[in-house]
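**Student:** The structure's right below; bear with me while I get my questions together.
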Amino acid sequence: FLKATGYNPNQYLQRLRVQRACDYLESTQHSFEWIANQVGYEDISACRKVFINTVGLTPREFRKRFS
């Protein structure tokens, strides 16, 4: 899997979830808590941390810039 994608399975899944969260942030006005739950996170702070580490922006900053 690593050879094919460049990521281990956990990293790949996190990136898919973050991309879906980005889609929601761009196209809806739902809260980040709602979005985190929709993309499979029960722990909102863990989702926020992964989001910031992956995107380089907070969810609020991302929404302001791209919606």
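Ligands are numbered from 1 in the order shown, chains are lettered A, B, ... in the order of the structure tokens, and residues start at 1 in each chain.
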Determine, counting only C-alpha atoms, which protein, DNA and RNA residues have an atom within 12 Å of an atom of Leu57 (chain A); residues of the same chain fewer than 6 positions away are not included. Present the result as an MDAnalysis selection string.
**Tutor:** chainID A and resid 18 22 48:51 63:66
**Student:** Take the residues from that selection and put them in a file with C-alpha atoms, as an mmCIF file, in the first residue's frame.
**Tutor:**
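Written out: again02.cif:
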data_model
loop_
_atom_site.group_PDB
_atom_site.id
_atom_site.type_symbol
_atom_site.label_atom_id
_atom_site.label_comp_id
_atom_site.auth_asym_id
_atom_site.auth_seq_id
_atom_site.Cartn_x
_atom_site.Cartn_y
_atom_site.Cartn_z
ATOM 1 C CA VAL A 18 -9.422 15.832 5.630
ATOM 2 C CA CYS A 22 -12.448 20.567 3.140
ATOM 3 C CA ARG A 48 -8.784 19.558 14.201
ATOM 4 C CA LYS A 49 -5.153 18.606 14.889
ATOM 5 C CA VAL A 50 -4.967 16.323 11.836
ATOM 6 C CA PHE A 51 -6.672 19.004 9.727
ATOM 7 C CA ARG A 63 -13.399 28.322 5.294
ATOM 8 C CA LYS A 64 -12.672 32.069 5.123
ATOM 9 C CA ARG A 65 -10.121 31.565 2.366
ATOM 10 C CA PHE A 66 -11.916 29.019 0.196
#
**Student:** Just asking: which residues within chain A are alpha helix (DSSP H) according to DSSP, as an MDAnalysis selection string?
**Tutor:** chainID A and resid 2:5 9:27 32:38 44:55 59:66
**Student:** Emit the selected residues as a PDB file, in the first residue's frame, including C-alpha atoms.
**Tutor:**
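As written to disk, selection-v4.pdb reads:
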ATOM      1  CA  LEU A   2       2.819   2.369   0.931  1.00  0.00           C
ATOM      2  CA  LYS A   3       4.565   1.738  -2.374  1.00  0.00           C
ATOM      3  CA  ALA A   4       1.385   2.372  -4.372  1.00  0.00           C
ATOM      4  CA  THR A   5       0.180   5.501  -2.547  1.00  0.00           C
ATOM      5  CA  PRO A   9      -3.094   3.094   5.410  1.00  0.00           C
ATOM      6  CA  ASN A  10      -3.720   5.337   8.432  1.00  0.00           C
ATOM      7  CA  GLN A  11      -2.156   8.391   6.761  1.00  0.00           C
ATOM      8  CA  TYR A  12      -4.120   7.734   3.590  1.00  0.00           C
ATOM      9  CA  LEU A  13      -7.408   7.459   5.492  1.00  0.00           C
ATOM     10  CA  GLN A  14      -6.666  10.672   7.385  1.00  0.00           C
ATOM     11  CA  ARG A  15      -5.984  12.503   4.116  1.00  0.00           C
ATOM     12  CA  LEU A  16      -9.261  11.249   2.639  1.00  0.00           C
ATOM     13  CA  ARG A  17     -11.132  12.433   5.722  1.00  0.00           C
ATOM     14  CA  VAL A  18      -9.422  15.832   5.630  1.00  0.00           C
ATOM     15  CA  GLN A  19     -10.247  16.234   1.940  1.00  0.00           C
ATOM     16  CA  ARG A  20     -13.907  15.479   2.637  1.00  0.00           C
ATOM     17  CA  ALA A  21     -13.842  17.950   5.536  1.00  0.00           C
ATOM     18  CA  CYS A  22     -12.448  20.567   3.140  1.00  0.00           C
ATOM     19  CA  ASP A  23     -15.302  19.853   0.744  1.00  0.00           C
ATOM     20  CA  TYR A  24     -17.821  20.403   3.546  1.00  0.00           C
ATOM     21  CA  LEU A  25     -16.099  23.595   4.712  1.00  0.00           C
ATOM     22  CA  GLU A  26     -16.201  25.006   1.181  1.00  0.00           C
ATOM     23  CA  SER A  27     -19.771  24.055   0.376  1.00  0.00           C
ATOM     24  CA  PHE A  32     -16.634  21.866  12.320  1.00  0.00           C
ATOM     25  CA  GLU A  33     -17.935  19.551  15.021  1.00  0.00           C
ATOM     26  CA  TRP A  34     -20.677  18.329  12.654  1.00  0.00           C
ATOM     27  CA  ILE A  35     -18.158  17.983   9.828  1.00  0.00           C
ATOM     28  CA  ALA A  36     -15.711  16.024  12.004  1.00  0.00           C
ATOM     29  CA  ASN A  37     -18.457  13.568  12.878  1.00  0.00           C
ATOM     30  CA  GLN A  38     -19.495  13.225   9.241  1.00  0.00           C
ATOM     31  CA  ILE A  44     -13.178  16.766  17.465  1.00  0.00           C
ATOM     32  CA  SER A  45      -9.815  17.937  18.798  1.00  0.00           C
ATOM     33  CA  ALA A  46      -8.029  15.025  17.105  1.00  0.00           C
ATOM     34  CA  CYS A  47      -9.745  15.903  13.838  1.00  0.00           C
ATOM     35  CA  ARG A  48      -8.784  19.558  14.201  1.00  0.00           C
ATOM     36  CA  LYS A  49      -5.153  18.606  14.889  1.00  0.00           C
ATOM     37  CA  VAL A  50      -4.967  16.323  11.836  1.00  0.00           C
ATOM     38  CA  PHE A  51      -6.672  19.004   9.727  1.00  0.00           C
ATOM     39  CA  ILE A  52      -4.193  21.708  10.764  1.00  0.00           C
ATOM     40  CA  ASN A  53      -1.185  19.418  10.288  1.00  0.00           C
ATOM     41  CA  THR A  54      -2.391  18.378   6.833  1.00  0.00           C
ATOM     42  CA  VAL A  55      -3.743  21.659   5.452  1.00  0.00           C
ATOM     43  CA  PRO A  59     -10.819  24.977   9.743  1.00  0.00           C
ATOM     44  CA  ARG A  60     -12.017  28.578  10.258  1.00  0.00           C
ATOM     45  CA  GLU A  61      -9.104  30.008   8.246  1.00  0.00           C
ATOM     46  CA  PHE A  62      -9.717  27.437   5.511  1.00  0.00           C
ATOM     47  CA  ARG A  63     -13.399  28.322   5.294  1.00  0.00           C
ATOM     48  CA  LYS A  64     -12.672  32.069   5.123  1.00  0.00           C
ATOM     49  CA  ARG A  65     -10.121  31.565   2.366  1.00  0.00           C
ATOM     50  CA  PHE A  66     -11.916  29.019   0.196  1.00  0.00           C
TER      51      PHE A  66
END
